Amino acid sequence: MAKKSIAVWIFSSLTFIAIVHLVEAVTALLFNNQITLLRLYPLIGEKLQLITPTTYFLGSAAVAFILWGITCAIAFESPVETFLNKILSDAKKQSAVEARVLEEKSEILDAMNETIESNNKILAQVRDLIYNIRMEVKEIEPLKEGIVKIKAEMSSLGKEVKKLEEKMHFPTVCLTCGKPVLPEFKVCPHCGENLKLLPEAVITVKDYK
């Protein structure tokens, strides 16, 4: 603030001096008065005495106008306005930085969104695959039950075949225990009955049936 006051004082003083020269130039131009103020300048006072009143008028008017404009510019410069302009400038810079950061974050969000969409597609494919597997498993379950039934039937057939084989290999039956034995056996291997002593106790499988 002190610097501003000093600058206003200096330029206002120079403006006043220029206006004084302008008044002298007007009087010299209109009333043919002598130019005396230019003698006050050392070294160049004699050279300045040689200029015409018209040139003196135009020069002093231009200098007075310029100095007056500089004085007004300095005097009417509001520190509050300067402070507000600085705040607005800082706000614009900050908003530009925030916009840049927001743009970068938006790019990251777009990438995350694309990743999520891709994962959703993969999850949908996996869900469809699991559904298809479940349907195939449901279709296989009846086949599994059929295989179990076939195994049971084959086991039953195996037992029947074994019985038939036993009947084919052992054509006679011990009447004591009822189990088949070979004709050449003298003693029943199942109950220990002497088959030779009891020939009537051994019959053929055909007669036993």
# chains A, B, ... in the order shown; residues from 1 in each chain; ligands from 1
>>> select_by_dssp(residues="stretch 15-188 of chain A", states="strand (DSSP E)", output="short mmCIF file (atom, residue, chain, number, x, y, z; two decimals) with C-alpha atoms, in the first residue's frame")
data_model
loop_
_atom_site.label_atom_id
_atom_site.label_comp_id
_atom_site.auth_asym_id
_atom_site.auth_seq_id
_atom_site.Cartn_x
_atom_site.Cartn_y
_atom_site.Cartn_z
CA THR A 172 -26.39 -136.52 -7.81
CA VAL A 173 -27.70 -135.14 -4.53
CA CYS A 174 -27.10 -136.33 -0.97
CA PRO A 180 -25.08 -132.09 -4.90
CA VAL A 181 -22.11 -134.46 -4.96
#
>>> residues_around(residues="A:Ala18", least_positions_apart="2", cutoff="8 Å", atoms="only C-alpha atoms", output="ChimeraX atom specification")
/A:14-16,20-22,60-61,63-64
>>> closest_residue(among="A:His190, A:Lys4, A:Lys92, A:Lys86", to="A:Ala73", atoms="only C-alpha atoms")
A:Lys4
>>> residues_around(residues="A:Leu38", least_positions_apart="3", cutoff="7 Å", atoms="only C-alpha atoms", output="list in words")
Ile35, Tyr41, Gly45, Leu48 and Gln49 of chain A
>>> atom_distance(atom1="atom CA of A:Glu117", atom2="atom CA of A:Glu104")
20.1 Å
>>> atom_distance(atom1="atom CA of A:Val126", atom2="atom CA of A:Lys144")
25.9 Å
>>> residues_around(residues="A:Ile19", least_positions_apart="6", cutoff="12 Å", atoms="only C-alpha atoms", output="VMD selection string")
chain A and resid 12 to 13 25 to 26 37 56 to 68
>>> atom_distance(atom1="atom CA of A:Thr52", atom2="atom CA of A:Phe31")
13.6 Å
>>> closest_residue(among="A:Val23, A:Ile74, A:Leu40, A:Leu182", to="A:Pro53", atoms="only C-alpha atoms")
A:Val23
>>> closest_atom_pairs(of="stretch 99-131 of chain A", to="stretch 135-143 of chain A", cutoff="12 Å", atoms="only C-alpha atoms", output="tab-separated table")
residue	atom	partner	partner_atom	distance
A:Asp128	CA	A:Met135	CA	10.6
A:Leu129	CA	A:Met135	CA	9.9
A:Ile130	CA	A:Met135	CA	8.6
A:Tyr131	CA	A:Met135	CA	6.3
>>> select_by_dssp(residues="stretch 12-175 of chain A", states="alpha helix (DSSP H)", output="PyMOL selection string")
chain A and resi 12-31+45-48+53-75+79-169
>>> write_last_selection(atoms="C-alpha atoms", output="short mmCIF file (atom, residue, chain, number, x, y, z; two decimals), in the first residue's frame")
data_model
loop_
_atom_site.label_atom_id
_atom_site.label_comp_id
_atom_site.auth_asym_id
_atom_site.auth_seq_id
_atom_site.Cartn_x
_atom_site.Cartn_y
_atom_site.Cartn_z
CA SER A 12 0.49 13.09 -9.80
CA SER A 13 3.33 15.60 -9.25
CA LEU A 14 4.66 14.94 -12.73
CA THR A 15 1.14 15.33 -14.11
CA PHE A 16 0.79 18.69 -12.35
CA ILE A 17 4.10 19.90 -13.81
CA ALA A 18 3.00 18.75 -17.28
CA ILE A 19 -0.31 20.63 -16.88
CA VAL A 20 1.61 23.78 -15.88
CA HIS A 21 3.67 23.45 -19.05
CA LEU A 22 0.44 22.88 -21.01
CA VAL A 23 -1.04 26.11 -19.61
CA GLU A 24 2.10 28.02 -20.54
CA ALA A 25 1.98 26.52 -24.03
CA VAL A 26 -1.64 27.62 -24.44
CA THR A 27 -0.82 31.18 -23.35
CA ALA A 28 2.18 31.24 -25.66
CA LEU A 29 0.12 29.93 -28.55
CA LEU A 30 -2.87 32.23 -28.02
CA PHE A 31 -1.30 35.38 -26.60
CA GLY A 45 17.05 24.44 -21.43
CA GLU A 46 18.60 26.39 -24.32
CA LYS A 47 17.63 23.70 -26.84
CA LEU A 48 14.08 23.60 -25.52
CA PRO A 53 4.65 27.15 -29.33
CA THR A 54 2.67 24.62 -31.34
CA THR A 55 5.20 21.83 -30.72
CA TYR A 56 5.39 22.88 -27.08
CA PHE A 57 1.60 22.67 -26.79
CA LEU A 58 1.33 19.26 -28.46
CA GLY A 59 4.25 17.81 -26.44
CA SER A 60 3.05 19.11 -23.08
CA ALA A 61 -0.51 17.94 -23.81
CA ALA A 62 0.66 14.43 -24.74
CA VAL A 63 2.90 14.17 -21.68
CA ALA A 64 0.16 15.48 -19.38
CA PHE A 65 -2.36 13.01 -20.81
CA ILE A 66 0.02 10.04 -20.47
CA LEU A 67 1.04 10.93 -16.91
CA TRP A 68 -2.57 11.51 -15.92
CA GLY A 69 -3.53 8.09 -17.30
CA ILE A 70 -0.71 6.37 -15.39
CA THR A 71 -1.71 8.19 -12.20
CA CYS A 72 -5.35 7.09 -12.56
CA ALA A 73 -4.36 3.51 -13.32
CA ILE A 74 -2.25 3.33 -10.17
CA ALA A 75 -4.70 5.23 -7.98
CA PRO A 79 -6.21 -4.21 -3.75
CA VAL A 80 -9.45 -6.05 -3.08
CA GLU A 81 -10.02 -6.48 -6.79
CA THR A 82 -6.44 -7.66 -7.21
CA PHE A 83 -6.93 -10.15 -4.39
CA LEU A 84 -10.18 -11.39 -5.91
CA ASN A 85 -8.59 -11.70 -9.33
CA LYS A 86 -5.79 -13.73 -7.78
CA ILE A 87 -8.31 -15.97 -6.03
CA LEU A 88 -10.23 -16.42 -9.27
CA SER A 89 -7.01 -17.22 -11.11
CA ASP A 90 -6.05 -19.77 -8.46
CA ALA A 91 -9.56 -21.22 -8.60
CA LYS A 92 -9.34 -21.58 -12.37
CA LYS A 93 -5.98 -23.31 -12.06
CA GLN A 94 -7.33 -25.59 -9.34
CA SER A 95 -10.44 -26.38 -11.35
CA ALA A 96 -8.23 -27.19 -14.35
CA VAL A 97 -6.17 -29.55 -12.19
CA GLU A 98 -9.33 -31.11 -10.75
CA ALA A 99 -10.74 -31.51 -14.26
CA ARG A 100 -7.53 -33.24 -15.35
CA VAL A 101 -7.61 -35.53 -12.30
CA LEU A 102 -11.30 -36.22 -12.88
CA GLU A 103 -10.57 -37.10 -16.50
CA GLU A 104 -7.85 -39.51 -15.42
CA LYS A 105 -10.17 -41.06 -12.83
CA SER A 106 -12.91 -41.33 -15.43
CA GLU A 107 -10.51 -43.27 -17.66
CA ILE A 108 -9.78 -45.62 -14.75
CA LEU A 109 -13.52 -45.99 -14.08
CA ASP A 110 -14.12 -46.76 -17.75
CA ALA A 111 -11.43 -49.46 -17.62
CA MET A 112 -12.99 -50.91 -14.45
CA ASN A 113 -16.41 -50.84 -16.08
CA GLU A 114 -15.08 -52.69 -19.12
CA THR A 115 -13.44 -55.27 -16.84
CA ILE A 116 -16.69 -55.76 -14.92
CA GLU A 117 -18.64 -56.20 -18.14
CA SER A 118 -16.10 -58.75 -19.38
CA ASN A 119 -16.31 -60.62 -16.06
CA ASN A 120 -20.10 -60.59 -16.27
CA LYS A 121 -19.92 -62.17 -19.72
CA ILE A 122 -17.53 -64.85 -18.43
CA LEU A 123 -19.80 -65.52 -15.43
CA ALA A 124 -22.79 -65.83 -17.74
CA GLN A 125 -20.90 -68.36 -19.87
CA VAL A 126 -19.88 -70.32 -16.76
CA ARG A 127 -23.48 -70.27 -15.52
CA ASP A 128 -24.72 -71.60 -18.86
CA LEU A 129 -22.02 -74.29 -18.82
CA ILE A 130 -23.01 -75.39 -15.29
CA TYR A 131 -26.67 -75.49 -16.33
CA ASN A 132 -25.81 -77.67 -19.33
CA ILE A 133 -23.75 -80.01 -17.15
CA ARG A 134 -26.63 -80.34 -14.69
CA MET A 135 -29.01 -81.18 -17.51
CA GLU A 136 -26.59 -83.79 -18.83
CA VAL A 137 -26.20 -85.24 -15.33
CA LYS A 138 -29.99 -85.48 -15.02
CA GLU A 139 -30.07 -87.29 -18.35
CA ILE A 140 -27.31 -89.65 -17.18
CA GLU A 141 -29.05 -90.54 -13.87
CA PRO A 142 -31.66 -92.82 -15.53
CA LEU A 143 -28.83 -94.55 -17.37
CA LYS A 144 -27.04 -95.04 -14.06
CA GLU A 145 -30.15 -96.59 -12.54
CA GLY A 146 -30.47 -98.86 -15.58
CA ILE A 147 -26.84 -99.92 -15.20
CA VAL A 148 -27.43 -100.75 -11.53
CA LYS A 149 -30.47 -102.85 -12.48
CA ILE A 150 -28.48 -104.58 -15.20
CA LYS A 151 -25.70 -105.33 -12.69
CA ALA A 152 -28.25 -106.80 -10.26
CA GLU A 153 -29.80 -108.89 -13.01
CA MET A 154 -26.37 -110.04 -14.15
CA SER A 155 -25.51 -110.98 -10.57
CA SER A 156 -28.74 -112.96 -10.33
CA LEU A 157 -28.00 -114.57 -13.68
CA GLY A 158 -24.52 -115.40 -12.44
CA LYS A 159 -25.94 -117.16 -9.44
CA GLU A 160 -28.34 -119.09 -11.65
CA VAL A 161 -25.52 -120.01 -14.00
CA LYS A 162 -23.43 -121.15 -11.03
CA LYS A 163 -26.31 -123.33 -9.85
CA LEU A 164 -26.62 -124.79 -13.32
CA GLU A 165 -22.90 -125.44 -13.46
CA GLU A 166 -23.05 -127.16 -10.07
CA LYS A 167 -25.95 -129.28 -11.25
CA MET A 168 -24.03 -130.16 -14.39
CA HIS A 169 -20.86 -131.05 -12.46
#
>>> decode(residues="stretch 30-172 of chain A", atoms="C-alpha atoms", output="short mmCIF file (atom, residue, chain, number, x, y, z; two decimals), in the first residue's frame")
data_model
loop_
_atom_site.label_atom_id
_atom_site.label_comp_id
_atom_site.auth_asym_id
_atom_site.auth_seq_id
_atom_site.Cartn_x
_atom_site.Cartn_y
_atom_site.Cartn_z
CA LEU A 30 -2.87 32.23 -28.02
CA PHE A 31 -1.30 35.38 -26.60
CA ASN A 32 2.25 35.12 -27.99
CA ASN A 33 3.72 35.09 -24.46
CA GLN A 34 7.30 34.08 -23.95
CA ILE A 35 8.15 30.53 -22.92
CA THR A 36 9.97 30.76 -19.59
CA LEU A 37 9.46 27.36 -17.83
CA LEU A 38 11.69 25.51 -20.24
CA ARG A 39 14.64 27.60 -19.03
CA LEU A 40 14.48 25.82 -15.67
CA TYR A 41 15.81 22.54 -17.12
CA PRO A 42 19.60 22.40 -16.95
CA LEU A 43 21.76 21.40 -19.93
CA ILE A 44 18.80 21.20 -22.34
CA GLY A 45 17.05 24.44 -21.43
CA GLU A 46 18.60 26.39 -24.32
CA LYS A 47 17.63 23.70 -26.84
CA LEU A 48 14.08 23.60 -25.52
CA GLN A 49 13.79 27.37 -26.05
CA LEU A 50 14.07 26.79 -29.79
CA ILE A 51 10.84 24.74 -30.14
CA THR A 52 7.74 26.44 -31.48
CA PRO A 53 4.65 27.15 -29.33
CA THR A 54 2.67 24.62 -31.34
CA THR A 55 5.20 21.83 -30.72
CA TYR A 56 5.39 22.88 -27.08
CA PHE A 57 1.60 22.67 -26.79
CA LEU A 58 1.33 19.26 -28.46
CA GLY A 59 4.25 17.81 -26.44
CA SER A 60 3.05 19.11 -23.08
CA ALA A 61 -0.51 17.94 -23.81
CA ALA A 62 0.66 14.43 -24.74
CA VAL A 63 2.90 14.17 -21.68
CA ALA A 64 0.16 15.48 -19.38
CA PHE A 65 -2.36 13.01 -20.81
CA ILE A 66 0.02 10.04 -20.47
CA LEU A 67 1.04 10.93 -16.91
CA TRP A 68 -2.57 11.51 -15.92
CA GLY A 69 -3.53 8.09 -17.30
CA ILE A 70 -0.71 6.37 -15.39
CA THR A 71 -1.71 8.19 -12.20
CA CYS A 72 -5.35 7.09 -12.56
CA ALA A 73 -4.36 3.51 -13.32
CA ILE A 74 -2.25 3.33 -10.17
CA ALA A 75 -4.70 5.23 -7.98
CA PHE A 76 -7.82 3.32 -8.97
CA GLU A 77 -6.21 -0.12 -8.76
CA SER A 78 -8.14 -1.78 -5.96
CA PRO A 79 -6.21 -4.21 -3.75
CA VAL A 80 -9.45 -6.05 -3.08
CA GLU A 81 -10.02 -6.48 -6.79
CA THR A 82 -6.44 -7.66 -7.21
CA PHE A 83 -6.93 -10.15 -4.39
CA LEU A 84 -10.18 -11.39 -5.91
CA ASN A 85 -8.59 -11.70 -9.33
CA LYS A 86 -5.79 -13.73 -7.78
CA ILE A 87 -8.31 -15.97 -6.03
CA LEU A 88 -10.23 -16.42 -9.27
CA SER A 89 -7.01 -17.22 -11.11
CA ASP A 90 -6.05 -19.77 -8.46
CA ALA A 91 -9.56 -21.22 -8.60
CA LYS A 92 -9.34 -21.58 -12.37
CA LYS A 93 -5.98 -23.31 -12.06
CA GLN A 94 -7.33 -25.59 -9.34
CA SER A 95 -10.44 -26.38 -11.35
CA ALA A 96 -8.23 -27.19 -14.35
CA VAL A 97 -6.17 -29.55 -12.19
CA GLU A 98 -9.33 -31.11 -10.75
CA ALA A 99 -10.74 -31.51 -14.26
CA ARG A 100 -7.53 -33.24 -15.35
CA VAL A 101 -7.61 -35.53 -12.30
CA LEU A 102 -11.30 -36.22 -12.88
CA GLU A 103 -10.57 -37.10 -16.50
CA GLU A 104 -7.85 -39.51 -15.42
CA LYS A 105 -10.17 -41.06 -12.83
CA SER A 106 -12.91 -41.33 -15.43
CA GLU A 107 -10.51 -43.27 -17.66
CA ILE A 108 -9.78 -45.62 -14.75
CA LEU A 109 -13.52 -45.99 -14.08
CA ASP A 110 -14.12 -46.76 -17.75
CA ALA A 111 -11.43 -49.46 -17.62
CA MET A 112 -12.99 -50.91 -14.45
CA ASN A 113 -16.41 -50.84 -16.08
CA GLU A 114 -15.08 -52.69 -19.12
CA THR A 115 -13.44 -55.27 -16.84
CA ILE A 116 -16.69 -55.76 -14.92
CA GLU A 117 -18.64 -56.20 -18.14
CA SER A 118 -16.10 -58.75 -19.38
CA ASN A 119 -16.31 -60.62 -16.06
CA ASN A 120 -20.10 -60.59 -16.27
CA LYS A 121 -19.92 -62.17 -19.72
CA ILE A 122 -17.53 -64.85 -18.43
CA LEU A 123 -19.80 -65.52 -15.43
CA ALA A 124 -22.79 -65.83 -17.74
CA GLN A 125 -20.90 -68.36 -19.87
CA VAL A 126 -19.88 -70.32 -16.76
CA ARG A 127 -23.48 -70.27 -15.52
CA ASP A 128 -24.72 -71.60 -18.86
CA LEU A 129 -22.02 -74.29 -18.82
CA ILE A 130 -23.01 -75.39 -15.29
CA TYR A 131 -26.67 -75.49 -16.33
CA ASN A 132 -25.81 -77.67 -19.33
CA ILE A 133 -23.75 -80.01 -17.15
CA ARG A 134 -26.63 -80.34 -14.69
CA MET A 135 -29.01 -81.18 -17.51
CA GLU A 136 -26.59 -83.79 -18.83
CA VAL A 137 -26.20 -85.24 -15.33
CA LYS A 138 -29.99 -85.48 -15.02
CA GLU A 139 -30.07 -87.29 -18.35
CA ILE A 140 -27.31 -89.65 -17.18
CA GLU A 141 -29.05 -90.54 -13.87
CA PRO A 142 -31.66 -92.82 -15.53
CA LEU A 143 -28.83 -94.55 -17.37
CA LYS A 144 -27.04 -95.04 -14.06
CA GLU A 145 -30.15 -96.59 -12.54
CA GLY A 146 -30.47 -98.86 -15.58
CA ILE A 147 -26.84 -99.92 -15.20
CA VAL A 148 -27.43 -100.75 -11.53
CA LYS A 149 -30.47 -102.85 -12.48
CA ILE A 150 -28.48 -104.58 -15.20
CA LYS A 151 -25.70 -105.33 -12.69
CA ALA A 152 -28.25 -106.80 -10.26
CA GLU A 153 -29.80 -108.89 -13.01
CA MET A 154 -26.37 -110.04 -14.15
CA SER A 155 -25.51 -110.98 -10.57
CA SER A 156 -28.74 -112.96 -10.33
CA LEU A 157 -28.00 -114.57 -13.68
CA GLY A 158 -24.52 -115.40 -12.44
CA LYS A 159 -25.94 -117.16 -9.44
CA GLU A 160 -28.34 -119.09 -11.65
CA VAL A 161 -25.52 -120.01 -14.00
CA LYS A 162 -23.43 -121.15 -11.03
CA LYS A 163 -26.31 -123.33 -9.85
CA LEU A 164 -26.62 -124.79 -13.32
CA GLU A 165 -22.90 -125.44 -13.46
CA GLU A 166 -23.05 -127.16 -10.07
CA LYS A 167 -25.95 -129.28 -11.25
CA MET A 168 -24.03 -130.16 -14.39
CA HIS A 169 -20.86 -131.05 -12.46
CA PHE A 170 -22.67 -132.74 -9.59
CA PRO A 171 -25.50 -134.82 -11.13
CA THR A 172 -26.39 -136.52 -7.81
#
